[in-house]
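Asker: Right, I'll just put the structure down here and ask away after.
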Amino acid sequence: MTAEEPGGAAGPSGPAALAILALLAACPLLLPDFFVVQIGAQSLFLGTVALSVVFLSRFAGMFSLAQIAIYGVSGYTVAILTATHRLPWYAGVIAALAIASAVAFVFGLVACRTQGIYFFMITLAQAMLLYRFVDQDHALANGHTGINGVRAPSFGAISLSSPGAFYGVSLAAAAAMYWLVRRVVRTPFGLTLQGIRDNPRRMRTLGFNVAAYRVAAFTLAGFVAAVGGVLGVWYNGSISPGAIDMSRTEAMVVIAVAGGLAHLEGAFLGALLFTLVTNFASSYTDRFDTLIGLIFLGVTLFLPEGLAGVVRRAARPLGRLLGPLEGRLLQRGRRRDRGP
């Protein structure tokens with residue numbers, strides 16, 4: 001079921017990954033629109049932002065609180081260019097990814113020379129700085145009101161305003177970012193990054209520019225978060241300072257930790273849990289924040305590997321069944337390549 005990656009991170013193997021992707025792609029055919037968009041699509045773009053948090057924490061040893069701010073930079077850029085200045089959607093997307101990545105690079109230059117609690121606090125300060133800026137800026141961000149009227153693009157007769165189309169784009173973007181991060185951590189860059197995480201002093205002695213690698217990782221994580229920001233502003237149709245305030249930063253921490261910081265898949269599992277709770281908890285209790293806190297506390301105390309660890313343990317019997325099948329498929333492929 002799982003294939004071990006460098007550094008101990010594991011993910012679904014080829015057949016299992018394709019089966020999961022096919023099942024997720026079939027959701028619009030099996031579920032009502034509410035679950036497809038409110039639960040499915042929202043979990044995917046929040047999970048994409050959380051993926052950047054898990055990547056930095058797991059493979060670079062940096063737990064960042066600035067990812068939701070970079071998400072906001074991306075969303076605001078799309079809103080300003082497409083809703084305010086009426087530029088084409090693709091111009092807004094390209095600019096959003098470029099500007100958010102540039103902001104992540106600048107944030108990284110400041111934060112990545114520190115470690116531990118100092119890194120944590122600097123990224124928190126960066127997130128709050130950006131929140132205060134958009135809350136008080138009226139020339140670009142329209143202050144506390146934010147920017148409304150952001151429309152998801154259309155491709156001929158297909159509009160991303162429709163539940164199935166938006167879910168499909170969200171799934172494709174989330175899968176692409178997940179694939180990108182998994183590929184990166186297997187490269188020499190990813191292995192070097194993990195060495196820096198484990199022993200930065202030794203890696204510096206070996207001649208590696210530790211600060212440069214950390215900034216590069218932070219920039220890559222910013223790009224991943226920016227993809228989530230584009231989807232988020234299309235989903236909401238607007239963006240305001242409330243989208244990146246302290247409560248949203250705390251929510252991203254809950255998503256990443258509840259899902260499991262040891263596994264990339266945990267980002268999406270944590271986002272799914274958070275989305276389910278936010279959509280249904282209000283029907284049963286007015287103390288939503290208390291419930292989220294209790295869930296966070298329970299996962300931290302009793303599930304140290306998060307939801308991803310639980311799912312992996314539950315999937316082991318299935319992995320034992322799929323293992324021989326995967327081996328036979330590989331053998332057939334080799335025979336076909338050899339020819340008669």
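Letters for chains follow the order of the structure tokens (A, B, ...), residue numbers begin at 1 for each chain, and ligand numbers begin at 1 in the order shown.
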Write out as a list in words the residues lying within 12 Å of A:Gly293, counting only C-alpha atoms and excluding same-chain residues fewer than 2 positions away.

Answerer: Glu250, Ala251, Val253, Val254, Ile255, Val257, Ala258, Phe274, Val277, Arg287, Phe288, Asp289, Thr290, Leu291, Ile295, Phe296, Leu297, Gly298, Val299 and Thr300 of chain A

Asker: Can you write out the residues you just picked, keeping N, CA and C atoms, as a PDB file, in the first residue's frame?

Answerer:
ATOM      1  N   GLU A 250      -4.521  30.015  13.062  1.00  0.00           N
ATOM      2  CA  GLU A 250      -4.689  28.942  14.039  1.00  0.00           C
ATOM      3  C   GLU A 250      -5.343  27.724  13.395  1.00  0.00           C
ATOM      4  N   ALA A 251      -6.315  27.960  12.519  1.00  0.00           N
ATOM      5  CA  ALA A 251      -6.991  26.848  11.851  1.00  0.00           C
ATOM      6  C   ALA A 251      -6.015  26.026  11.017  1.00  0.00           C
ATOM      7  N   VAL A 253      -2.863  25.598  11.627  1.00  0.00           N
ATOM      8  CA  VAL A 253      -2.084  24.792  12.570  1.00  0.00           C
ATOM      9  C   VAL A 253      -2.868  23.548  12.957  1.00  0.00           C
ATOM     10  N   VAL A 254      -4.150  23.725  13.261  1.00  0.00           N
ATOM     11  CA  VAL A 254      -5.006  22.595  13.641  1.00  0.00           C
ATOM     12  C   VAL A 254      -5.077  21.579  12.501  1.00  0.00           C
ATOM     13  N   ILE A 255      -5.258  22.049  11.271  1.00  0.00           N
ATOM     14  CA  ILE A 255      -5.359  21.151  10.118  1.00  0.00           C
ATOM     15  C   ILE A 255      -4.083  20.336   9.959  1.00  0.00           C
ATOM     16  N   VAL A 257      -1.573  19.704  12.127  1.00  0.00           N
ATOM     17  CA  VAL A 257      -1.241  18.809  13.239  1.00  0.00           C
ATOM     18  C   VAL A 257      -2.248  17.672  13.345  1.00  0.00           C
ATOM     19  N   ALA A 258      -3.531  17.969  13.175  1.00  0.00           N
ATOM     20  CA  ALA A 258      -4.547  16.921  13.270  1.00  0.00           C
ATOM     21  C   ALA A 258      -4.383  15.898  12.157  1.00  0.00           C
ATOM     22  N   PHE A 274     -11.398  19.217   9.467  1.00  0.00           N
ATOM     23  CA  PHE A 274     -11.722  20.598   9.835  1.00  0.00           C
ATOM     24  C   PHE A 274     -12.964  21.082   9.082  1.00  0.00           C
ATOM     25  N   VAL A 277     -16.141  19.485  10.488  1.00  0.00           N
ATOM     26  CA  VAL A 277     -16.513  20.068  11.779  1.00  0.00           C
ATOM     27  C   VAL A 277     -17.085  21.468  11.597  1.00  0.00           C
ATOM     28  N   ARG A 287     -20.518  26.531  20.708  1.00  0.00           N
ATOM     29  CA  ARG A 287     -19.119  26.669  21.149  1.00  0.00           C
ATOM     30  C   ARG A 287     -18.196  25.951  20.162  1.00  0.00           C
ATOM     31  N   PHE A 288     -18.170  26.496  18.957  1.00  0.00           N
ATOM     32  CA  PHE A 288     -17.412  25.861  17.888  1.00  0.00           C
ATOM     33  C   PHE A 288     -15.914  25.854  18.196  1.00  0.00           C
ATOM     34  N   ASP A 289     -15.387  26.989  18.657  1.00  0.00           N
ATOM     35  CA  ASP A 289     -13.953  27.074  18.937  1.00  0.00           C
ATOM     36  C   ASP A 289     -13.538  26.095  20.030  1.00  0.00           C
ATOM     37  N   THR A 290     -14.408  25.909  21.009  1.00  0.00           N
ATOM     38  CA  THR A 290     -14.111  24.943  22.073  1.00  0.00           C
ATOM     39  C   THR A 290     -14.033  23.530  21.518  1.00  0.00           C
ATOM     40  N   LEU A 291     -14.948  23.202  20.617  1.00  0.00           N
ATOM     41  CA  LEU A 291     -14.949  21.879  20.006  1.00  0.00           C
ATOM     42  C   LEU A 291     -13.675  21.645  19.195  1.00  0.00           C
ATOM     43  N   ILE A 295     -10.818  18.764  19.880  1.00  0.00           N
ATOM     44  CA  ILE A 295     -10.383  17.820  18.847  1.00  0.00           C
ATOM     45  C   ILE A 295      -8.876  17.901  18.675  1.00  0.00           C
ATOM     46  N   PHE A 296      -8.361  19.127  18.620  1.00  0.00           N
ATOM     47  CA  PHE A 296      -6.920  19.328  18.481  1.00  0.00           C
ATOM     48  C   PHE A 296      -6.168  18.696  19.659  1.00  0.00           C
ATOM     49  N   LEU A 297      -6.686  18.920  20.867  1.00  0.00           N
ATOM     50  CA  LEU A 297      -6.052  18.355  22.062  1.00  0.00           C
ATOM     51  C   LEU A 297      -6.101  16.834  22.039  1.00  0.00           C
ATOM     52  N   GLY A 298      -7.248  16.274  21.649  1.00  0.00           N
ATOM     53  CA  GLY A 298      -7.390  14.824  21.614  1.00  0.00           C
ATOM     54  C   GLY A 298      -6.460  14.176  20.604  1.00  0.00           C
ATOM     55  N   VAL A 299      -6.353  14.770  19.411  1.00  0.00           N
ATOM     56  CA  VAL A 299      -5.456  14.222  18.392  1.00  0.00           C
ATOM     57  C   VAL A 299      -4.010  14.301  18.866  1.00  0.00           C
ATOM     58  N   THR A 300      -3.647  15.423  19.464  1.00  0.00           N
ATOM     59  CA  THR A 300      -2.273  15.594  19.924  1.00  0.00           C
ATOM     60  C   THR A 300      -1.906  14.580  21.006  1.00  0.00           C
TER      61      THR A 300
END

Asker: DSSP on the backbone: which residues in stretch 36-233 of chain A end up as helix (DSSP H, G or I)? Give the answer as JSON, numbers by chain.

Answerer: {"A": [36, 37, 38, 39, 40, 41, 42, 43, 44, 45, 46, 47, 48, 49, 50, 51, 52, 53, 54, 55, 56, 57, 58, 59, 60, 67, 68, 69, 70, 71, 72, 73, 74, 75, 76, 77, 78, 79, 80, 81, 82, 83, 84, 89, 90, 91, 92, 93, 94, 95, 96, 97, 98, 99, 100, 101, 102, 103, 104, 105, 106, 107, 108, 109, 110, 111, 116, 117, 118, 119, 120, 121, 122, 123, 124, 125, 126, 127, 128, 129, 130, 131, 132, 133, 134, 135, 136, 143, 144, 145, 163, 164, 165, 166, 167, 168, 169, 170, 171, 172, 173, 174, 175, 176, 177, 178, 179, 180, 181, 182, 183, 184, 185, 186, 188, 189, 190, 191, 192, 193, 194, 195, 196, 197, 198, 200, 201, 202, 203, 204, 205, 210, 211, 212, 213, 214, 215, 216, 217, 218, 219, 220, 221, 222, 223, 224, 225, 226, 227, 228, 229, 230, 231, 232, 233]}

Asker: Which residue gives the smallest distance to A:Leu269 among A:Ala16, A:Leu231, A:Ala256, A:Ile292, with only C-alpha atoms counted?

Answerer: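 Of all the options, A:Ala256 lies closest to A:Leu269.
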
Asker: Could you write out, as a tab-separated table (two decimals) with C-alpha atoms, in the first residue's frame, all the residues of stretch 42-170 of chain A that DSSP marks as strand (DSSP E)?

Answerer:
chain	number	residue	atom	x	y	z
A	147	ILE	CA	-12.75	42.85	-2.62
A	148	ASN	CA	-15.97	41.27	-3.88
A	154	SER	CA	-15.05	29.77	-17.86
A	155	PHE	CA	-13.63	27.58	-20.62
A	158	ILE	CA	-17.63	24.86	-19.00
A	159	SER	CA	-17.77	27.27	-16.08

Asker: Using only C-alpha atoms, can you tell me which of A:Ala79, A:Ile239, A:Cys112, A:Met62 comes closest to A:Asn209?

Answerer: A:Cys112

Asker: Pick out the closest residue to A:Val169 from this set: A:Ala217, A:Val227, A:Ala139, A:Leu87. Count only C-alpha atoms.

Answerer: A:Val227

Asker: Mind pulling up the distance from atom CA of A:Phe166 to atom CA of A:Val49?

Answerer: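 Result for atom CA of A:Val49 versus atom CA of A:Phe166: 17.1 Å, one decimal.
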
Asker: For A:Leu31, which of A:Tyr167, A:Phe302, A:Phe45, A:Phe63 is the closest residue, counting only C-alpha atoms?

Answerer: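 Closest candidate: A:Tyr167.
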
Asker: A:Ala243, A:Ala262, A:Val215, A:Ile122: which is nearest A:Ala104, counting only C-alpha atoms?

Answerer: A:Val215

Asker: Calculate how many Å separate atom CA of A:Pro32 from atom CA of A:Ser162, rounding to one decimal.

Answerer: 12.5 Å

Asker: Nearest to A:Arg214: which of A:Gly72, A:Pro28, A:Gly40, A:Pro200 is it, counting only C-alpha atoms?

Answerer: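 Between A:Gly72, A:Pro28, A:Gly40, A:Pro200, the residue approaching A:Arg214 most closely is A:Pro200.
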
Asker: One number please: atom CA of A:Thr77 to atom CA of A:Tyr131, in Å, one decimal.

Answerer: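 Atom-to-atom, atom CA of A:Thr77 and atom CA of A:Tyr131 are spaced 14.4 Å apart.
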
Asker: With a distance cut-off of 10 Å and only C-alpha atoms, select the neighbouring residues of A:Gly229, excluding the residue or stretch itself and same-chain residues fewer than 6 positions from it, and output the selection as a PDB file with N, CA and C atoms, in the first residue's frame.

Answerer:
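As written to disk, selection.pdb reads:
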ATOM      1  N   PHE A  45      -8.532  22.680  -1.344  1.00  0.00           N
ATOM      2  CA  PHE A  45      -7.668  23.864  -1.391  1.00  0.00           C
ATOM      3  C   PHE A  45      -7.111  24.218  -0.016  1.00  0.00           C
ATOM      4  N   LEU A  46      -7.843  23.935   1.051  1.00  0.00           N
ATOM      5  CA  LEU A  46      -7.253  24.114   2.383  1.00  0.00           C
ATOM      6  C   LEU A  46      -6.142  23.092   2.613  1.00  0.00           C
ATOM      7  N   THR A  48      -4.234  21.901   0.337  1.00  0.00           N
ATOM      8  CA  THR A  48      -3.073  22.324  -0.442  1.00  0.00           C
ATOM      9  C   THR A  48      -2.234  23.320   0.344  1.00  0.00           C
ATOM     10  N   VAL A  49      -2.889  24.256   1.031  1.00  0.00           N
ATOM     11  CA  VAL A  49      -2.146  25.195   1.882  1.00  0.00           C
ATOM     12  C   VAL A  49      -1.479  24.445   3.034  1.00  0.00           C
ATOM     13  N   GLN A  67       2.062  30.683   6.113  1.00  0.00           N
ATOM     14  CA  GLN A  67       1.504  30.117   4.882  1.00  0.00           C
ATOM     15  C   GLN A  67       0.123  30.664   4.563  1.00  0.00           C
ATOM     16  N   ILE A  68      -0.690  30.930   5.583  1.00  0.00           N
ATOM     17  CA  ILE A  68      -2.018  31.482   5.313  1.00  0.00           C
ATOM     18  C   ILE A  68      -1.894  32.920   4.815  1.00  0.00           C
ATOM     19  N   ALA A  69      -0.838  33.633   5.212  1.00  0.00           N
ATOM     20  CA  ALA A  69      -0.609  34.980   4.695  1.00  0.00           C
ATOM     21  C   ALA A  69      -0.232  34.924   3.220  1.00  0.00           C
ATOM     22  N   ILE A  70       0.598  33.967   2.831  1.00  0.00           N
ATOM     23  CA  ILE A  70       0.968  33.812   1.422  1.00  0.00           C
ATOM     24  C   ILE A  70      -0.251  33.396   0.604  1.00  0.00           C
ATOM     25  N   TYR A  71      -1.082  32.552   1.176  1.00  0.00           N
ATOM     26  CA  TYR A  71      -2.380  32.219   0.586  1.00  0.00           C
ATOM     27  C   TYR A  71      -3.165  33.501   0.315  1.00  0.00           C
ATOM     28  N   GLY A  72      -3.157  34.425   1.279  1.00  0.00           N
ATOM     29  CA  GLY A  72      -3.876  35.685   1.118  1.00  0.00           C
ATOM     30  C   GLY A  72      -3.274  36.581   0.045  1.00  0.00           C
ATOM     31  N   VAL A  73      -1.956  36.618  -0.063  1.00  0.00           N
ATOM     32  CA  VAL A  73      -1.310  37.402  -1.121  1.00  0.00           C
ATOM     33  C   VAL A  73      -1.783  36.918  -2.492  1.00  0.00           C
ATOM     34  N   SER A  74      -1.821  35.616  -2.667  1.00  0.00           N
ATOM     35  CA  SER A  74      -2.277  35.042  -3.928  1.00  0.00           C
ATOM     36  C   SER A  74      -3.733  35.408  -4.199  1.00  0.00           C
ATOM     37  N   GLY A  75      -4.578  35.234  -3.206  1.00  0.00           N
ATOM     38  CA  GLY A  75      -5.988  35.542  -3.380  1.00  0.00           C
ATOM     39  C   GLY A  75      -6.232  37.010  -3.666  1.00  0.00           C
ATOM     40  N   TYR A  76      -5.557  37.891  -2.941  1.00  0.00           N
ATOM     41  CA  TYR A  76      -5.719  39.326  -3.173  1.00  0.00           C
ATOM     42  C   TYR A  76      -5.232  39.719  -4.563  1.00  0.00           C
ATOM     43  N   THR A  77      -4.159  39.108  -5.034  1.00  0.00           N
ATOM     44  CA  THR A  77      -3.647  39.439  -6.358  1.00  0.00           C
ATOM     45  C   THR A  77      -4.660  39.078  -7.437  1.00  0.00           C
ATOM     46  N   VAL A  78      -5.244  37.882  -7.333  1.00  0.00           N
ATOM     47  CA  VAL A  78      -6.285  37.491  -8.287  1.00  0.00           C
ATOM     48  C   VAL A  78      -7.456  38.460  -8.228  1.00  0.00           C
ATOM     49  N   VAL A  93      -3.937  34.672 -12.428  1.00  0.00           N
ATOM     50  CA  VAL A  93      -3.353  33.463 -11.856  1.00  0.00           C
ATOM     51  C   VAL A  93      -1.830  33.506 -11.937  1.00  0.00           C
ATOM     52  N   ALA A  96      -0.542  36.043  -9.537  1.00  0.00           N
ATOM     53  CA  ALA A  96      -0.733  35.604  -8.149  1.00  0.00           C
ATOM     54  C   ALA A  96       0.345  34.616  -7.735  1.00  0.00           C
ATOM     55  N   LEU A  97       0.621  33.642  -8.580  1.00  0.00           N
ATOM     56  CA  LEU A  97       1.643  32.645  -8.244  1.00  0.00           C
ATOM     57  C   LEU A  97       3.023  33.281  -8.173  1.00  0.00           C
ATOM     58  N   ALA A 100       3.074  35.876  -4.997  1.00  0.00           N
ATOM     59  CA  ALA A 100       3.057  35.147  -3.727  1.00  0.00           C
ATOM     60  C   ALA A 100       4.373  34.409  -3.506  1.00  0.00           C
ATOM     61  N   PHE A 223       4.846  28.802  -3.092  1.00  0.00           N
ATOM     62  CA  PHE A 223       4.179  28.537  -4.371  1.00  0.00           C
ATOM     63  C   PHE A 223       3.007  27.583  -4.177  1.00  0.00           C
ATOM     64  N   TYR A 235     -13.391  30.116  -4.915  1.00  0.00           N
ATOM     65  CA  TYR A 235     -14.426  29.432  -4.133  1.00  0.00           C
ATOM     66  C   TYR A 235     -15.321  30.447  -3.413  1.00  0.00           C
ATOM     67  N   ILE A 239     -12.487  38.244  -1.153  1.00  0.00           N
ATOM     68  CA  ILE A 239     -11.443  38.073  -0.144  1.00  0.00           C
ATOM     69  C   ILE A 239     -11.403  39.328   0.718  1.00  0.00           C
TER      70      ILE A 239
END

Asker: Applying 12 Å and only C-alpha atoms, which residues near A:Thr205 remain after dropping the ones on its own chain fewer than 5 positions away? List them as a list in words.

Answerer: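 In the requested form, the answer reads Gly195, Ile196, Asn199, Pro200 and Val210 of chain A.
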
Asker: Please list as a ChimeraX atom specification every residue within 8 Å of A:Val37, counting only C-alpha atoms and excluding residues in the same chain fewer than 4 positions away.

Answerer: /A:33,41-42,163-164,166-167
